[in-house]
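What follows is the content of protein-v3.cif (mmCIF, C-alpha atoms and all ligand atoms).
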```
data_upload
loop_
_atom_site.label_atom_id
_atom_site.label_comp_id
_atom_site.auth_asym_id
_atom_site.auth_seq_id
_atom_site.Cartn_x
_atom_site.Cartn_y
_atom_site.Cartn_z
CA MET A 539 8.11 -13.31 6.53
CA ASP A 540 11.19 -11.26 7.48
CA THR A 541 10.35 -9.25 10.60
CA GLY A 542 13.85 -7.75 10.87
CA ALA A 543 12.57 -4.21 10.34
CA VAL A 544 9.80 -4.46 12.94
CA ASP A 545 10.42 -2.20 15.96
CA VAL A 546 8.78 -2.36 19.39
CA VAL A 547 7.27 0.87 20.75
CA SER A 548 5.74 1.60 24.13
CA THR A 549 2.11 1.80 23.13
CA SER A 550 -0.66 -0.61 22.36
CA SER A 551 -0.71 -2.52 19.10
CA GLY A 552 -2.99 -1.28 16.37
CA ILE A 553 -6.33 -3.01 16.51
CA ALA A 554 -8.91 -3.40 13.76
CA GLN A 555 -12.24 -4.93 14.64
CA ILE A 556 -13.66 -6.45 11.49
CA ILE A 557 -17.25 -7.50 11.35
CA THR A 558 -19.14 -8.96 8.45
CA GLU A 559 -22.54 -7.41 7.93
CA GLU A 560 -25.49 -9.44 6.74
CA LYS A 561 -24.85 -8.90 3.02
CA GLY A 562 -21.31 -10.24 3.44
CA GLU A 563 -19.49 -6.89 3.23
CA ASN A 564 -16.91 -6.22 5.91
CA VAL A 565 -17.01 -3.23 8.25
CA ILE A 566 -13.76 -2.27 9.97
CA VAL A 567 -13.20 -0.13 13.09
CA VAL A 568 -9.54 0.83 13.51
CA ALA A 569 -7.66 1.99 16.64
CA PRO A 570 -4.23 2.85 15.18
CA GLY A 571 -2.15 2.40 18.37
CA ALA A 572 1.48 1.76 17.38
CA ASN A 573 0.66 2.37 13.71
CA ALA A 574 0.36 6.08 14.51
CA GLN A 575 4.02 6.02 15.57
CA LEU A 576 5.22 4.78 12.22
CA THR A 577 6.73 8.10 11.23
CA PHE A 578 8.95 8.87 8.27
CA SER A 579 12.01 8.80 10.56
CA TYR A 580 11.30 5.08 11.03
CA LEU A 581 11.29 4.63 7.27
CA GLU A 582 14.57 6.55 7.06
CA LYS A 583 16.15 3.88 9.25
CA HIS A 584 15.08 1.25 6.74
CA LEU A 585 15.77 2.98 3.45
CA ALA A 586 18.14 0.22 2.35
CA LEU A 587 15.36 -2.35 2.74
CA ILE A 588 12.90 -0.19 0.82
CA ARG A 589 15.44 0.44 -1.93
CA SER A 590 16.07 -3.29 -2.30
CA SER A 591 12.36 -4.02 -2.79
CA SER A 592 10.80 -5.07 -6.09
CA ILE A 593 7.42 -3.69 -5.09
CA VAL A 594 6.04 -1.90 -2.03
CA LEU A 595 2.47 -2.26 -0.71
CA THR A 596 1.00 0.14 1.82
CA GLN A 597 -2.32 1.51 3.04
CA LEU A 598 -3.50 4.41 5.17
CA GLU A 599 -3.42 2.92 8.66
CA ILE A 600 -0.13 4.73 9.23
CA PRO A 601 0.26 8.54 9.21
CA LEU A 602 -0.38 10.15 5.84
CA GLU A 603 2.99 11.96 6.05
CA THR A 604 4.69 8.57 6.23
CA VAL A 605 2.83 7.30 3.18
CA ASP A 606 3.74 10.53 1.40
CA TYR A 607 7.40 10.03 2.25
CA LEU A 608 7.26 6.40 1.13
CA ALA A 609 5.73 7.48 -2.18
CA ALA A 610 8.54 10.00 -2.67
CA VAL A 611 11.20 7.37 -1.95
CA THR A 612 9.69 4.67 -4.16
CA ARG A 613 9.15 7.14 -6.96
CA LYS A 614 12.76 8.29 -6.79
CA GLU A 615 13.98 4.69 -6.72
CA ASN A 616 11.63 3.63 -9.54
CA ILE A 617 9.97 1.00 -7.35
CA PRO A 618 6.23 0.40 -7.96
CA LEU A 619 4.14 1.51 -5.01
CA VAL A 620 0.77 -0.14 -4.45
CA LEU A 621 -1.61 1.93 -2.32
CA ASP A 622 -4.69 0.28 -0.87
CA PRO A 623 -6.36 3.51 0.33
CA ALA A 624 -7.91 2.19 3.55
CA PRO A 625 -9.24 3.57 5.79
CA ALA A 626 -10.87 5.82 3.24
CA GLN A 627 -9.90 9.47 3.09
CA PRO A 628 -9.31 12.13 0.43
CA LEU A 629 -5.71 12.06 -0.85
CA PRO A 630 -3.59 14.85 -2.34
CA SER A 631 -2.55 14.57 -5.98
CA SER A 632 1.07 14.92 -4.87
CA LEU A 633 0.72 11.52 -3.19
CA LEU A 634 -1.29 9.89 -5.97
CA LYS A 635 1.38 10.89 -8.49
CA GLY A 636 3.79 8.56 -6.68
CA VAL A 637 1.41 5.59 -6.84
CA GLU A 638 1.81 2.84 -9.43
CA TRP A 639 -1.33 0.91 -8.44
CA LEU A 640 -4.26 2.43 -6.58
CA THR A 641 -6.64 -0.29 -5.33
CA PRO A 642 -9.72 1.26 -3.67
CA ASN A 643 -12.88 -0.64 -2.88
CA GLU A 644 -16.22 1.01 -3.54
CA SER A 645 -16.53 3.10 -0.38
CA GLU A 646 -12.88 4.16 -0.62
CA THR A 647 -13.40 5.15 -4.25
CA CYS A 648 -16.32 7.36 -3.21
CA SER A 649 -14.27 8.94 -0.42
CA LEU A 650 -11.38 9.63 -2.79
CA LEU A 651 -13.78 11.47 -5.06
CA GLY A 652 -15.60 13.22 -2.22
CA LEU A 653 -18.88 11.44 -3.05
CA GLU A 654 -21.47 10.73 -0.37
CA SER A 655 -22.46 7.44 -1.95
CA GLN A 656 -20.81 4.22 -0.74
CA ASP A 657 -21.37 2.44 -4.04
CA VAL A 658 -19.88 2.77 -7.51
CA PRO A 659 -22.69 2.49 -10.10
CA ALA A 660 -21.86 0.07 -12.91
CA ASP A 661 -22.23 2.80 -15.50
CA ALA A 662 -19.79 5.08 -13.64
CA MET A 663 -16.84 2.77 -13.04
CA LYS A 664 -15.02 3.69 -16.25
CA GLU A 665 -15.38 7.41 -15.71
CA ILE A 666 -14.34 7.12 -12.07
CA ALA A 667 -11.24 5.13 -12.96
CA GLU A 668 -10.29 7.79 -15.54
CA ILE A 669 -10.63 10.52 -12.92
CA LEU A 670 -8.37 8.60 -10.54
CA LEU A 671 -5.83 8.15 -13.34
CA GLN A 672 -5.95 11.87 -14.03
CA ARG A 673 -5.27 12.52 -10.36
CA GLY A 674 -1.94 10.77 -10.72
CA SER A 675 -2.00 7.02 -10.10
CA ARG A 676 -0.45 5.17 -13.03
CA ASN A 677 -2.85 2.23 -12.81
CA VAL A 678 -6.20 1.92 -11.06
CA LEU A 679 -7.77 -1.29 -9.81
CA LEU A 680 -11.31 -0.62 -8.59
CA LYS A 681 -12.46 -3.40 -6.28
CA LEU A 682 -16.18 -3.72 -6.80
CA GLY A 683 -17.24 -6.29 -4.23
CA LYS A 684 -19.28 -9.12 -5.63
CA ARG A 685 -19.16 -7.60 -9.12
CA GLY A 686 -15.40 -8.12 -9.34
CA CYS A 687 -12.93 -5.43 -10.31
CA TYR A 688 -12.23 -2.90 -13.02
CA LEU A 689 -8.74 -2.18 -14.22
CA ALA A 690 -7.56 0.97 -15.92
CA LEU A 691 -3.93 0.48 -16.91
CA ALA A 692 -1.24 3.00 -17.72
CA ASP A 693 -0.92 1.67 -21.25
CA GLY A 694 -4.57 2.40 -22.02
CA ARG A 695 -6.07 -1.02 -21.48
CA ARG A 696 -9.42 -1.13 -19.68
CA VAL A 697 -10.70 -4.44 -18.35
CA PHE A 698 -13.60 -5.53 -16.20
CA VAL A 699 -12.87 -8.78 -14.37
CA PRO A 700 -16.02 -10.41 -12.94
CA ALA A 701 -15.85 -12.01 -9.51
CA TYR A 702 -16.56 -15.60 -8.69
CA THR A 703 -20.01 -16.23 -7.36
CA PHE A 704 -20.10 -17.68 -3.87
CA ALA A 705 -22.13 -17.35 -0.67
CA PRO A 706 -20.97 -14.63 1.79
CA LEU A 707 -18.67 -15.95 4.50
CA THR A 708 -19.72 -15.45 8.09
CA ARG A 709 -16.12 -15.42 9.24
CA PRO A 710 -14.63 -11.88 9.23
CA GLN A 711 -11.73 -11.42 6.84
CA PRO A 712 -8.54 -9.48 7.58
CA ALA A 713 -7.86 -6.23 5.73
CA MET A 714 -6.44 -6.42 2.22
CA PRO A 715 -6.79 -10.19 1.70
CA SER A 716 -7.85 -9.69 -1.88
CA THR A 717 -5.33 -7.03 -2.81
CA VAL A 718 -2.23 -9.17 -2.74
CA PRO A 719 -3.50 -12.00 -4.98
CA LEU A 720 -5.20 -9.50 -7.26
CA LEU A 721 -2.01 -7.55 -7.66
CA GLN A 722 0.13 -10.62 -7.95
CA ARG A 723 -2.11 -11.55 -10.80
CA CYS A 724 -2.13 -8.05 -12.24
CA SER A 725 1.61 -7.61 -11.86
CA LYS A 726 2.15 -10.69 -13.96
CA VAL A 727 -0.51 -9.34 -16.22
CA MET A 728 1.61 -6.30 -17.00
CA ILE A 729 3.45 -8.68 -19.30
CA PRO A 730 1.27 -11.77 -19.99
CA PHE A 731 -2.03 -9.90 -20.08
CA ASP A 732 -3.87 -13.03 -21.15
CA VAL A 733 -3.61 -14.34 -17.58
CA LEU A 734 -6.07 -11.68 -16.52
CA CYS A 735 -8.24 -11.62 -19.60
CA GLY A 736 -8.45 -15.38 -19.91
CA PRO A 737 -11.16 -17.55 -18.39
CA PRO A 738 -11.69 -17.07 -14.65
CA LEU A 739 -9.39 -19.13 -12.46
CA SER A 740 -11.34 -21.71 -10.52
CA PRO A 741 -11.33 -21.93 -6.75
CA PRO A 742 -9.33 -23.13 -4.90
CA PHE A 743 -7.04 -21.49 -7.44
CA PRO A 744 -4.97 -24.45 -8.66
CA SER A 745 -4.09 -22.53 -11.79
CA LEU A 746 -3.40 -19.29 -9.93
CA ALA A 747 -0.22 -20.78 -8.52
CA LYS A 748 0.74 -21.71 -12.06
CA ALA A 749 -0.05 -18.22 -13.28
CA LEU A 750 1.97 -16.67 -10.48
CA ASN A 751 4.99 -18.76 -11.40
CA ARG A 752 5.17 -17.03 -14.72
CA PRO A 753 8.15 -14.74 -15.23
CA CYS A 754 7.44 -11.32 -13.83
CA ARG A 755 8.91 -7.91 -14.43
CA LEU A 756 7.88 -5.65 -11.64
CA ARG A 757 10.05 -2.60 -12.07
CA ARG A 758 8.59 -0.16 -14.48
CA LYS A 759 10.64 1.16 -17.31
CA SER A 760 10.46 4.85 -16.61
CA VAL A 761 9.33 7.15 -13.87
CA HIS A 762 6.16 9.02 -14.64
CA SER A 763 5.98 12.75 -14.13
N1 LIG B 1 -19.43 -11.27 -2.61
C1 LIG B 1 -18.35 -11.44 -3.39
N2 LIG B 1 -18.34 -12.38 -4.34
C2 LIG B 1 -17.28 -12.59 -5.12
N3 LIG B 1 -16.13 -11.87 -5.06
C3 LIG B 1 -16.07 -10.88 -4.16
C4 LIG B 1 -17.17 -10.61 -3.27
N4 LIG B 1 -16.81 -9.58 -2.46
C5 LIG B 1 -15.56 -9.25 -2.82
N5 LIG B 1 -15.11 -10.03 -3.84
C6 LIG B 1 -13.82 -9.95 -4.54
O1 LIG B 1 -12.88 -9.34 -3.67
C7 LIG B 1 -12.47 -8.08 -4.21
C8 LIG B 1 -12.26 -7.10 -3.09
O2 LIG B 1 -13.44 -6.96 -2.34
P1 LIG B 1 -14.04 -5.54 -2.06
O3 LIG B 1 -14.29 -4.88 -3.35
O4 LIG B 1 -15.19 -5.68 -1.15
O5 LIG B 1 -12.83 -4.79 -1.34
P2 LIG B 1 -12.27 -4.92 0.15
O6 LIG B 1 -13.27 -5.62 1.02
O7 LIG B 1 -11.80 -3.59 0.57
O8 LIG B 1 -11.05 -5.87 -0.07
P3 LIG B 1 -9.75 -5.98 0.83
O9 LIG B 1 -10.23 -6.59 2.10
O10 LIG B 1 -8.85 -6.81 0.01
O11 LIG B 1 -9.23 -4.60 1.05
C9 LIG B 1 -13.55 -7.70 -5.21
O12 LIG B 1 -13.06 -6.86 -6.22
C10 LIG B 1 -13.93 -9.06 -5.76
O13 LIG B 1 -13.00 -9.49 -6.73
MG MG B 2 -9.99 -3.04 1.52
#
```
Please go through the file and, once you have read it, give me the structure as structure tokens.
Ligand SMILES: Nc1ncnc2c1ncn2[C@@H]1O[C@H](COP(=O)(O)OP(=O)(O)OP(=O)(O)O)[C@@H](O)[C@H]1O
Ligand SMILES: [Mg+2]
Amino acid sequence: MDTGAVDVVSTSSGIAQIITEEKGENVIVVAPGANAQLTFSYLEKHLALIRSSSIVLTQLEIPLETVDYLAAVTRKENIPLVLDPAPAQPLPSSLLKGVEWLTPNESETCSLLGLESQDVPADAMKEIAEILLQRGSRNVLLKLGKRGCYLALADGRRVFVPAYTFAPLTRPQPAMPSTVPLLQRCSKVMIPFDVLCGPPLSPPFPSLAKALNRPCRLRRKSVHS
């Protein structure tokens, strides 16, 4: 990992306490600390790095204005922006229009839509994904806990990918552990879609590495409006 763009500021580090509740879902309490100081002026210092990126992944533990600025930059530069919208909060369409992949879990999905529920009913996932597409994100990846995930892609494809079945872990997991492999898989899937639609990859993912070595085209062809 290249930490060359990491600055030191005179405040405490951001802290997220992650606990796993009895059903195996994680619950996260965030104290933003230094994350709150990640302003757009910091991004301005590192524009060259952002512009040289093939893909940019962010979430909402930094100020919303910074995420907004990042979305504007990546959109202008035609770089796919992946937004994992955690911690959950309503987002303006102006931001969502700059997002290539929106990857909410169930509670985040409900927050985005202003719903009180914390769960996405199975019969509502398609409709919900369509609403999020209409709000501006080019692709939507709904993370549905033990059910798996539902993808609504810019080119019209709609796919439900069931999860593996396994016992809940008692060890708390860091934020976004599933997003990166999911998107690595999905990014490849933008071209070889069969990787996603094929039979489930078996833990401990021997074939995932193979799948991820496939040629990948990350930059999208045109900027959406
Ligand atoms: N109990 C489970 N059994 C199998 N797979 C699961 C289980 N829980 C989560 N997953 C897988 O992990 C993905 C992400 O989990 P979840 O929907 O809970 O979001 P999340 O906890 O916010 O993830 P992240 O920590 O990556 O942000 C799910 O879409 C599913 O593929
Ligand atoms: Mg998450």
ask   = Could you name the residues that touch A:Asn677 at 9 Å or less, counting all atoms listed in the file, but leaving out those on the same chain fewer than 5 positions away, as JSON, numbers by chain?
value = {"A": [637, 638, 639, 640, 641, 667, 670, 671, 689, 690, 691, 692, 693]}
query = Hey, can you check how far atom CA of A:Ser548 sits from atom CA of A:Pro570?
reply =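 Atom CA of A:Pro570 lies at a distance of 13.5 Å from atom CA of A:Ser548.
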inquiry  = Excluding stretch 643-655 of chain A and its own-chain neighbours fewer than 3 positions away, which residues fall within 7 Å of it when counting all atoms listed in the file? Please give them as a ChimeraX atom specification.
reply    = /A:623-624,626-629,658,680-682
key: Pick from A:Leu619, A:Val565, A:Val697, A:Ala610 nearest to ligand LIG 1 (chain B), counting only C-alpha atoms and all ligand atoms   =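 Looking at the shortest contact to ligand LIG 1 (chain B), the residue is A:Val565.
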query = With all atoms listed in the file as the atoms that count, which of A:Met539, A:Leu585, A:Leu598, A:Leu634 lies nearest to ligand LIG 1 (chain B)?
reply =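 That would be A:Leu598, the residue with the smallest distance to ligand LIG 1 (chain B).
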key: Atom-to-atom span, atom CA of A:Ile556 and atom P1 of ligand LIG 1 (chain B), Å   =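 Separation of atom CA of A:Ile556 and atom P1 of ligand LIG 1 (chain B): 13.6 Å.
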inquiry  = Using only C-alpha atoms and all ligand atoms for the distances, tell me which of A:Arg696, A:His584, A:Arg685, A:Arg589 is nearest to ligand LIG 1 (chain B).
reply    =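 Distance minimum relative to ligand LIG 1 (chain B) lands on A:Arg685.
Proximity ranking of A:Glu582, A:Leu679, A:Ser590, A:Pro659 relative to ligand MG 2 (chain B) places A:Leu679 first, based on all atoms listed in the file.
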